[in-house]
>>> print(open('coords_32.txt').read())   # compact mmCIF, C-alpha atoms and all ligand atoms
# COMPACT_ATOMS: atom_id res chain seq x y z
CA MET E 16 -19.84 3.59 -10.29
CA VAL E 17 -16.36 2.23 -9.76
CA TRP E 18 -13.38 4.46 -9.04
CA GLN E 19 -11.94 5.91 -12.23
CA ARG E 20 -8.19 5.80 -12.84
CA GLU E 21 -5.85 5.93 -15.81
CA VAL E 22 -3.86 2.79 -15.30
CA ASP E 23 -3.88 -0.41 -13.26
CA LEU E 24 -0.58 -1.96 -12.30
CA VAL E 25 -0.66 -5.66 -11.50
CA VAL E 26 2.46 -6.34 -9.43
CA PRO E 27 3.07 -9.88 -8.14
CA LEU E 28 5.97 -8.71 -6.00
CA TRP E 29 6.68 -10.97 -3.03
CA GLN E 30 10.37 -10.35 -2.38
CA GLY E 31 9.60 -7.42 -0.08
CA GLY E 32 8.12 -9.77 2.50
CA ASP E 33 9.94 -12.87 1.28
CA ASP E 34 6.60 -14.66 1.17
CA VAL E 35 5.78 -16.11 -2.23
CA ARG E 36 2.11 -16.55 -1.29
CA VAL E 37 1.31 -12.89 -1.95
CA ALA E 38 2.48 -13.12 -5.57
CA ALA E 39 -0.80 -14.84 -6.40
CA GLY E 40 -2.70 -11.99 -4.76
CA ALA E 41 -2.00 -9.70 -7.71
CA GLY E 42 -3.63 -11.97 -10.26
CA ALA E 43 -6.50 -12.84 -7.93
CA LEU E 44 -7.29 -9.17 -7.36
CA ALA E 45 -7.01 -8.46 -11.08
CA ARG E 46 -9.70 -11.07 -11.72
CA LEU E 47 -11.93 -9.61 -9.04
CA VAL E 48 -11.58 -5.89 -9.80
CA PRO E 49 -13.09 -4.78 -13.12
CA THR E 50 -11.16 -2.17 -15.07
CA HIS E 51 -11.87 0.61 -17.52
CA ALA E 52 -8.23 1.63 -17.56
CA GLY E 53 -5.21 0.11 -19.22
CA ARG E 54 -3.79 -2.73 -17.19
CA LEU E 55 -0.04 -3.18 -17.03
CA HIS E 56 1.31 -6.46 -15.75
CA ILE E 57 4.70 -5.85 -14.19
CA ALA E 58 7.13 -8.71 -14.56
CA VAL E 59 8.88 -9.68 -11.34
CA SER E 60 12.00 -11.73 -11.95
CA GLU E 61 13.25 -14.28 -9.50
CA GLY E 62 16.71 -12.85 -8.98
CA PRO E 63 19.17 -13.86 -6.29
CA ARG E 64 17.64 -14.28 -2.84
CA THR E 65 20.42 -12.53 -1.06
CA ALA E 66 20.54 -9.61 1.36
CA ARG E 67 22.57 -6.49 0.72
CA ASP E 68 22.97 -3.56 3.13
CA GLY E 69 20.50 -5.22 5.49
CA VAL E 70 17.73 -5.57 2.88
CA ARG E 71 16.64 -9.00 1.72
CA ASN E 72 16.20 -9.48 -2.04
CA LEU E 73 17.35 -5.91 -2.62
CA ASP E 74 18.50 -6.38 -6.21
CA THR E 75 15.21 -7.83 -7.39
CA LEU E 76 13.24 -5.16 -5.56
CA ALA E 77 15.34 -2.34 -6.98
CA GLN E 78 15.04 -3.74 -10.50
CA THR E 79 11.25 -4.05 -10.24
CA ALA E 80 10.87 -0.52 -8.85
CA GLN E 81 13.03 0.87 -11.63
CA ARG E 82 10.99 -0.94 -14.29
CA MET E 83 7.82 0.56 -12.85
CA ARG E 84 9.32 4.04 -12.68
CA GLU E 85 10.21 3.90 -16.36
CA ARG E 86 6.74 2.78 -17.38
CA LEU E 87 5.06 5.44 -15.25
CA ALA E 88 7.37 8.15 -16.58
CA ARG E 89 6.31 7.30 -20.14
CA ARG E 90 2.58 7.36 -19.41
CA ASP E 91 2.52 9.98 -16.66
CA PRO E 92 -0.85 8.87 -15.25
CA ALA E 93 -2.65 11.14 -12.76
CA ARG E 94 -4.52 8.26 -11.09
CA ILE E 95 -3.15 4.78 -10.49
CA LEU E 96 -4.43 1.52 -9.02
CA THR E 97 -1.79 -0.97 -7.90
CA LEU E 98 -2.79 -4.57 -7.24
CA GLY E 99 -0.11 -6.34 -5.21
CA GLY E 100 1.94 -8.01 -4.14
CA ASP E 101 3.49 -7.02 -0.85
CA CYS E 102 3.71 -3.57 0.73
CA ALA E 103 6.79 -2.70 -1.34
CA CYS E 104 4.86 -3.11 -4.60
CA ASP E 105 3.50 0.45 -4.84
CA THR E 106 6.58 2.51 -4.03
CA ALA E 107 7.01 3.71 -7.62
CA ALA E 108 3.31 4.53 -8.02
CA ALA E 109 3.11 6.45 -4.75
CA GLN E 110 6.27 8.40 -5.57
CA HIS E 111 4.93 9.26 -9.02
CA LEU E 112 1.61 10.48 -7.62
CA ALA E 113 3.23 12.42 -4.78
CA ARG E 114 5.07 14.46 -7.42
CA ARG E 115 2.01 14.81 -9.61
CA HIS E 116 -0.20 15.92 -6.68
CA PRO E 117 1.95 17.97 -4.29
CA GLY E 118 0.59 17.88 -0.76
CA MET E 119 -1.52 14.76 -1.26
CA THR E 120 -2.43 12.90 1.91
CA VAL E 121 -1.23 9.31 2.18
CA TYR E 122 -3.46 6.95 4.17
CA TRP E 123 -1.41 3.94 5.19
CA ILE E 124 -4.12 1.52 6.30
CA ASP E 125 -2.14 -1.34 7.73
CA ALA E 126 -1.57 -3.30 10.95
CA HIS E 127 2.10 -2.34 10.54
CA ALA E 128 3.70 1.05 10.05
CA ASP E 129 6.26 -0.05 7.44
CA LEU E 130 8.49 2.68 8.86
CA ASN E 131 11.70 0.76 9.46
CA ALA E 132 14.92 2.20 8.12
CA PRO E 133 17.22 -0.42 6.55
CA ALA E 134 19.80 -0.08 9.33
CA GLN E 135 17.21 -0.63 12.09
CA SER E 136 14.96 -3.26 10.57
CA PRO E 137 14.81 -6.39 12.73
CA SER E 138 13.83 -8.56 9.75
CA GLY E 139 15.59 -6.97 6.78
CA LEU E 140 12.30 -7.19 4.91
CA ALA E 141 11.65 -4.29 2.56
CA HIS E 142 7.87 -4.43 2.95
CA GLY E 143 8.44 -3.18 6.50
CA MET E 144 10.41 -0.23 5.09
CA ALA E 145 8.00 0.85 2.36
CA LEU E 146 6.58 3.98 3.97
CA ARG E 147 9.98 5.10 5.25
CA THR E 148 11.25 4.75 1.69
CA LEU E 149 8.51 7.09 0.46
CA LEU E 150 9.58 9.55 3.12
CA GLY E 151 13.09 9.58 1.68
CA GLU E 152 14.84 7.40 4.24
CA GLY E 153 14.84 4.04 2.51
CA HIS E 154 17.68 2.23 0.78
CA PRO E 155 18.93 4.47 -2.07
CA ASP E 156 18.43 1.66 -4.60
CA LEU E 157 14.71 1.55 -3.72
CA MET E 158 14.10 5.29 -3.66
CA GLY E 159 15.25 6.21 -7.18
CA GLN E 160 17.00 9.42 -8.16
CA ALA E 161 14.41 12.11 -7.51
CA PRO E 162 14.16 13.72 -4.08
CA PRO E 163 11.28 12.51 -1.89
CA ALA E 164 8.00 14.24 -2.57
CA LEU E 165 6.37 13.22 0.69
CA SER E 166 6.79 14.59 4.19
CA PRO E 167 5.62 13.06 7.49
CA ASP E 168 2.80 15.57 7.99
CA GLN E 169 1.14 14.19 4.84
CA VAL E 170 0.89 10.67 6.31
CA VAL E 171 -2.00 9.12 8.24
CA LEU E 172 -1.45 5.61 9.62
CA ALA E 173 -4.73 3.86 10.42
CA GLY E 174 -5.35 0.55 12.16
CA VAL E 175 -1.68 0.33 13.09
CA ARG E 176 -0.88 -1.95 16.05
CA ASP E 177 2.14 -4.16 15.39
CA LEU E 178 5.14 -1.84 15.72
CA ASP E 179 8.86 -2.40 16.10
CA PRO E 180 10.53 -0.19 18.75
CA PRO E 181 12.32 2.04 16.20
CA GLU E 182 8.97 2.59 14.44
CA ARG E 183 7.37 3.67 17.72
CA ALA E 184 10.21 6.12 18.22
CA TYR E 185 9.82 7.46 14.68
CA ILE E 186 6.09 8.01 15.14
CA ALA E 187 6.63 9.71 18.48
CA HIS E 188 9.15 12.16 17.04
CA SER E 189 7.70 12.88 13.63
CA ALA E 190 4.60 14.63 12.31
CA VAL E 191 2.90 11.47 11.04
CA THR E 192 -0.61 10.89 12.36
CA ALA E 193 -1.14 7.41 13.83
CA LEU E 194 -4.59 6.04 14.63
CA GLY E 195 -5.01 2.61 16.17
CA PRO E 196 -7.71 0.00 15.48
CA ALA E 197 -10.12 1.38 18.08
CA GLU E 198 -9.93 4.90 16.68
CA LEU E 199 -10.42 3.63 13.15
CA ALA E 200 -13.49 1.63 14.14
CA ALA E 201 -15.07 4.22 16.43
CA ASP E 202 -14.76 7.24 14.19
CA PRO E 203 -14.10 6.55 10.50
CA ARG E 204 -14.46 10.25 9.67
CA GLY E 205 -11.79 11.06 12.24
CA LEU E 206 -9.22 9.77 9.76
CA THR E 207 -9.63 12.81 7.55
CA ALA E 208 -9.65 15.38 10.37
CA GLY E 209 -7.74 18.48 9.36
CA ARG E 210 -7.42 17.43 5.72
CA ARG E 211 -8.98 19.72 3.12
CA ALA E 212 -12.16 18.38 1.51
CA GLY E 213 -11.60 17.47 -2.12
CA SER E 214 -7.82 17.42 -1.79
CA PRO E 215 -5.87 14.54 -3.37
CA ALA E 216 -5.31 11.37 -1.38
CA TYR E 217 -3.47 8.11 -1.81
CA VAL E 218 -4.75 4.98 -0.08
CA HIS E 219 -2.34 2.14 0.67
CA LEU E 220 -4.55 -0.70 1.89
CA ASP E 221 -2.68 -3.59 3.44
CA MET E 222 -5.31 -6.25 3.97
CA ASP E 223 -3.67 -7.25 7.24
CA VAL E 224 -5.25 -4.15 8.80
CA CYS E 225 -8.37 -6.30 9.23
CA ASP E 226 -8.59 -8.64 12.16
CA PRO E 227 -7.27 -12.05 11.05
CA LEU E 228 -10.38 -13.75 12.44
CA GLU E 229 -12.29 -12.06 9.62
CA MET E 230 -9.55 -11.80 7.00
CA PRO E 231 -6.88 -14.46 7.51
CA ALA E 232 -5.63 -14.42 3.88
CA VAL E 233 -2.64 -12.17 4.48
CA SER E 234 1.09 -12.66 4.80
CA VAL E 235 1.61 -11.23 8.30
CA PRO E 236 -1.62 -11.46 10.33
CA ALA E 237 -1.81 -9.22 13.39
CA PRO E 238 -4.49 -9.94 16.02
CA GLY E 239 -6.55 -7.13 17.50
CA GLY E 240 -7.62 -5.45 14.29
CA PRO E 241 -10.88 -3.84 13.27
CA GLY E 242 -13.49 -5.91 11.48
CA VAL E 243 -13.82 -5.85 7.72
CA ALA E 244 -16.98 -3.72 7.85
CA ALA E 245 -15.25 -1.09 9.98
CA VAL E 246 -12.30 -0.93 7.59
CA ALA E 247 -14.66 -0.62 4.63
CA ARG E 248 -16.43 2.27 6.38
CA ALA E 249 -13.10 4.01 7.02
CA LEU E 250 -12.09 3.58 3.38
CA ALA E 251 -15.44 4.98 2.26
CA ALA E 252 -14.99 7.98 4.57
CA VAL E 253 -11.60 8.74 3.03
CA ALA E 254 -13.00 8.34 -0.49
CA ALA E 255 -15.94 10.62 0.33
CA HIS E 256 -13.75 13.37 1.78
CA HIS E 257 -10.95 13.42 -0.78
CA SER E 258 -10.25 13.13 -4.45
CA VAL E 259 -8.60 9.70 -4.48
CA VAL E 260 -5.71 9.70 -6.94
CA GLY E 261 -4.11 6.40 -6.03
CA VAL E 262 -4.96 3.10 -4.40
CA ALA E 263 -2.82 0.08 -3.66
CA VAL E 264 -4.15 -3.23 -2.35
CA THR E 265 -1.41 -5.32 -0.80
CA GLU E 266 -0.40 -8.45 1.13
CA TYR E 267 -3.29 -10.62 -0.05
CA ALA E 268 -2.42 -14.32 0.15
CA PRO E 269 -5.39 -15.97 -1.59
CA VAL E 270 -4.15 -19.49 -0.88
CA VAL E 271 -5.22 -19.08 2.76
CA GLY E 272 -8.88 -20.03 3.15
CA HIS E 273 -11.11 -16.97 3.55
CA ASP E 274 -14.53 -15.53 2.85
CA GLU E 275 -14.48 -13.83 -0.57
CA ASP E 276 -17.57 -11.80 0.31
CA ARG E 277 -15.50 -10.07 2.96
CA LEU E 278 -12.83 -9.27 0.42
CA ALA E 279 -15.49 -7.81 -1.87
CA ALA E 280 -16.86 -5.74 1.02
CA LEU E 281 -13.41 -4.34 1.65
CA LEU E 282 -12.82 -3.46 -2.00
CA SER E 283 -16.24 -1.85 -2.29
CA GLY E 284 -15.20 0.66 0.38
CA LEU E 285 -12.92 2.18 -2.26
CA ASP E 286 -15.38 1.63 -5.12
CA LEU E 287 -13.05 -0.92 -6.70
CA VAL E 288 -16.02 -3.25 -7.08
CA GLU E 289 -19.70 -2.35 -7.16
CA ARG E 290 -21.34 -2.19 -3.77
CA ALA E 291 -23.68 -5.07 -3.10
CA ALA E 292 -27.33 -4.06 -3.47
CA GLY E 293 -29.54 -3.90 -0.41
MN MN S 301 2.07 -3.71 5.60
>>> encode(input="coords_32.txt", output="structure tokens", more="lines below")
Ligand SMILES: [Mn+2]
Amino acid sequence: MVWQREVDLVVPLWQGGDDVRVAAGAGALARLVPTHAGRLHIAVSEGPRTARDGVRNLDTLAQTAQRMRERLARRDPARILTLGGDCACDTAAAQHLARRHPGMTVYWIDAHADLNAPAQSPSGLAHGMALRTLLGEGHPDLMGQAPPALSPDQVVLAGVRDLDPPERAYIAHSAVTALGPAELAADPRGLTAGRRAGSPAYVHLDMDVCDPLEMPAVSVPAPGGPGVAAVARALAAVAAHHSVVGVAVTEYAPVVGHDEDRLAALLSGLDLVERAAG
């Protein structure tokens, strides 16, 4: 039985990481993941490749997020799958669901924390600001009008290992939970510690959480990650503990040679594809 949701968003956004290779990830995932829901393909225009207020490609990113917000407001889905695209591709979906399911836990399963504020970001890349944006401290043009519906105590980072100094400081001084690769691999059920069984959860899966030796097809590989099987077990533990209301799969760069069976194993952790028999 695959995970049931009300809408799939296919979002070939690449401007958040300024890496056009992840645009093809959206279509590749859409071919791989069967759907019973409506599937919306979100157009991403080219736009000017300029930086504003320290954010690269800000105008295109803001326009895309706004387009998604309008479509989600019309449908008001309670469960959403987003197939990306980079880590900035699911901002609108996560915001929508955070309002629809107050108190939902957000599992940010990623080698990176994506917690940079625009003024501190070393790269100016919005995909490294995505989680901070959800917490209400992103660029105003990316956050939309409504107040943030997410607070740090709702956030669990898992597999995180490649942090910028301001992100380390943020984690140290906020209520976000951060679990490294070893913790993720050793105790998948530890991810959900303290979270109420059956409560709503959102899973942001950046494929770069996996060790690049096993899953090299990502935009920003980070050595020292857990294996694909360990990540799949962690995802399954989250899915078993919670009522999953949203999933995003991000940063997949299919052009890089990789083992598709490993990708399928990863996706089966969230019941996006059927688990292999045996
Ligand atoms: Mn990421």
>>> residues_near_ligand(input="coords_32.txt", ligand="ligand MN 301 (chain S)", cutoff="6 Å", atoms="all atoms listed in the file", output="ChimeraX atom specification")
/E:102,125,127,129,221
>>> closest_residue(input="coords_32.txt", among="E:Val270, E:Ala190, E:Ala184, E:Ala88", to="Leu150 of chain E", atoms="all atoms listed in the file")
E:Ala190
>>> closest_residue(input="coords_32.txt", among="E:Ala134, E:Ala280, E:Thr120, E:Glu182", to="His256 of chain E", atoms="all atoms listed in the file")
E:Thr120
>>> closest_residue(input="coords_32.txt", among="E:Arg204, E:His154, E:Arg20, E:Arg64", to="Pro92 of chain E", atoms="all atoms listed in the file")
E:Arg20
>>> residues_around(input="coords_32.txt", residues="Asp156 of chain E", least_positions_apart="4", cutoff="10 Å", atoms="all atoms listed in the file", output="PyMOL selection string")
chain E and resi 73-74+76-78+80-81+160
>>> write_last_selection(input="coords_32.txt", atoms="C-alpha atoms", output="PDB file, in the coordinates of the input")
ATOM      1  CA  LEU E  73      17.350  -5.910  -2.620  1.00  0.00           C
ATOM      2  CA  ASP E  74      18.500  -6.380  -6.210  1.00  0.00           C
ATOM      3  CA  LEU E  76      13.240  -5.160  -5.560  1.00  0.00           C
ATOM      4  CA  ALA E  77      15.340  -2.340  -6.980  1.00  0.00           C
ATOM      5  CA  GLN E  78      15.040  -3.740 -10.500  1.00  0.00           C
ATOM      6  CA  ALA E  80      10.870  -0.520  -8.850  1.00  0.00           C
ATOM      7  CA  GLN E  81      13.030   0.870 -11.630  1.00  0.00           C
ATOM      8  CA  GLN E 160      17.000   9.420  -8.160  1.00  0.00           C
TER       9      GLN E 160
END
>>> closest_residue(input="coords_32.txt", among="E:Gly284, E:Gly62, E:Pro162, E:Pro27", to="Gly99 of chain E", atoms="all atoms listed in the file")
E:Pro27
>>> closest_residue(input="coords_32.txt", among="E:Val224, E:Ala200, E:Ala132, E:Met158", to="Pro180 of chain E", atoms="all atoms listed in the file")
E:Ala132
>>> closest_residue(input="coords_32.txt", among="E:His219, E:Asp286, E:Ala173, E:Val233", to="Gly272 of chain E", atoms="all atoms listed in the file")
E:Val233
>>> residues_around(input="coords_32.txt", residues="segment 210-212 of chain E", least_positions_apart="4", cutoff="12 Å", atoms="all atoms listed in the file", output="list of chain:residue names")
E:Gly118, E:Met119, E:Thr120, E:Val121, E:Tyr122, E:Asp168, E:Gln169, E:Val170, E:Val171, E:Thr192, E:Arg204, E:Gly205, E:Leu206, E:Ala216, E:Ala252, E:Val253, E:Ala254, E:Ala255, E:His256, E:His257, E:Ser258, E:Val259
>>> residues_around(input="coords_32.txt", residues="Ala41 of chain E", least_positions_apart="2", cutoff="7 Å", atoms="only C-alpha atoms", output="list in words")
Val25, Val26, Pro27, Ala38, Ala39, Ala43, Leu44, Ala45, Leu98, Gly99 and Gly100 of chain E
>>> decode(input="coords_32.txt", residues="segment 40-51 of chain E", atoms="all heavy atoms", output="compact mmCIF listing (two decimals), in the first residue's frame")
# COMPACT_ATOMS: atom_id res chain seq x y z
N GLY E 40 15.35 16.06 -11.74
CA GLY E 40 14.96 15.15 -10.66
C GLY E 40 13.45 15.07 -10.49
O GLY E 40 12.91 14.00 -10.19
N ALA E 41 12.78 16.19 -10.68
CA ALA E 41 11.32 16.23 -10.47
C ALA E 41 10.61 15.27 -11.43
O ALA E 41 9.79 14.45 -11.02
CB ALA E 41 10.81 17.65 -10.64
N GLY E 42 10.95 15.38 -12.70
CA GLY E 42 10.32 14.52 -13.70
C GLY E 42 10.71 13.06 -13.50
O GLY E 42 9.88 12.15 -13.66
N ALA E 43 11.97 12.83 -13.14
CA ALA E 43 12.44 11.46 -12.94
C ALA E 43 11.71 10.81 -11.77
O ALA E 43 11.28 9.64 -11.85
CB ALA E 43 13.95 11.45 -12.71
N LEU E 44 11.52 11.55 -10.69
CA LEU E 44 10.78 11.02 -9.54
C LEU E 44 9.32 10.80 -9.89
O LEU E 44 8.71 9.81 -9.47
CB LEU E 44 10.91 11.97 -8.34
CG LEU E 44 12.29 12.00 -7.67
CD1 LEU E 44 12.38 13.19 -6.71
CD2 LEU E 44 12.57 10.70 -6.93
N ALA E 45 8.76 11.70 -10.69
CA ALA E 45 7.35 11.56 -11.08
C ALA E 45 7.14 10.28 -11.90
O ALA E 45 6.09 9.65 -11.80
CB ALA E 45 6.90 12.79 -11.86
N ARG E 46 8.13 9.90 -12.68
CA ARG E 46 8.01 8.66 -13.44
C ARG E 46 8.13 7.43 -12.53
O ARG E 46 7.52 6.40 -12.78
CB ARG E 46 9.07 8.60 -14.54
CG ARG E 46 8.71 9.45 -15.76
CD ARG E 46 9.67 9.22 -16.93
NE ARG E 46 11.02 9.71 -16.64
CZ ARG E 46 11.39 10.99 -16.77
NH1 ARG E 46 10.53 11.90 -17.17
NH2 ARG E 46 12.62 11.35 -16.50
N LEU E 47 8.89 7.58 -11.49
CA LEU E 47 9.18 6.45 -10.60
C LEU E 47 8.09 6.22 -9.56
O LEU E 47 7.84 5.08 -9.15
CB LEU E 47 10.49 6.76 -9.88
CG LEU E 47 11.40 5.62 -9.53
CD1 LEU E 47 11.96 5.01 -10.80
CD2 LEU E 47 12.55 6.14 -8.66
N VAL E 48 7.47 7.29 -9.10
CA VAL E 48 6.52 7.22 -7.99
C VAL E 48 5.10 7.17 -8.55
O VAL E 48 4.65 8.13 -9.16
CB VAL E 48 6.68 8.45 -7.06
CG1 VAL E 48 5.61 8.46 -5.97
CG2 VAL E 48 8.08 8.48 -6.45
N PRO E 49 4.38 6.05 -8.35
CA PRO E 49 3.01 6.00 -8.86
C PRO E 49 2.11 6.92 -8.05
O PRO E 49 2.41 7.23 -6.89
CB PRO E 49 2.61 4.53 -8.64
CG PRO E 49 3.50 4.05 -7.55
CD PRO E 49 4.77 4.84 -7.61
N THR E 50 1.02 7.38 -8.66
CA THR E 50 0.14 8.29 -7.92
C THR E 50 -1.31 7.87 -8.03
O THR E 50 -1.73 7.30 -9.04
CB THR E 50 0.30 9.74 -8.39
OG1 THR E 50 -0.40 10.59 -7.50
CG2 THR E 50 -0.21 9.92 -9.81
N HIS E 51 -2.04 8.13 -6.95
CA HIS E 51 -3.50 7.99 -6.97
C HIS E 51 -4.12 9.36 -6.82
O HIS E 51 -5.32 9.51 -6.83
CB HIS E 51 -3.96 7.08 -5.83
CG HIS E 51 -3.22 5.78 -5.80
ND1 HIS E 51 -3.56 4.72 -6.61
CD2 HIS E 51 -2.14 5.38 -5.09
CE1 HIS E 51 -2.71 3.71 -6.38
NE2 HIS E 51 -1.85 4.09 -5.47
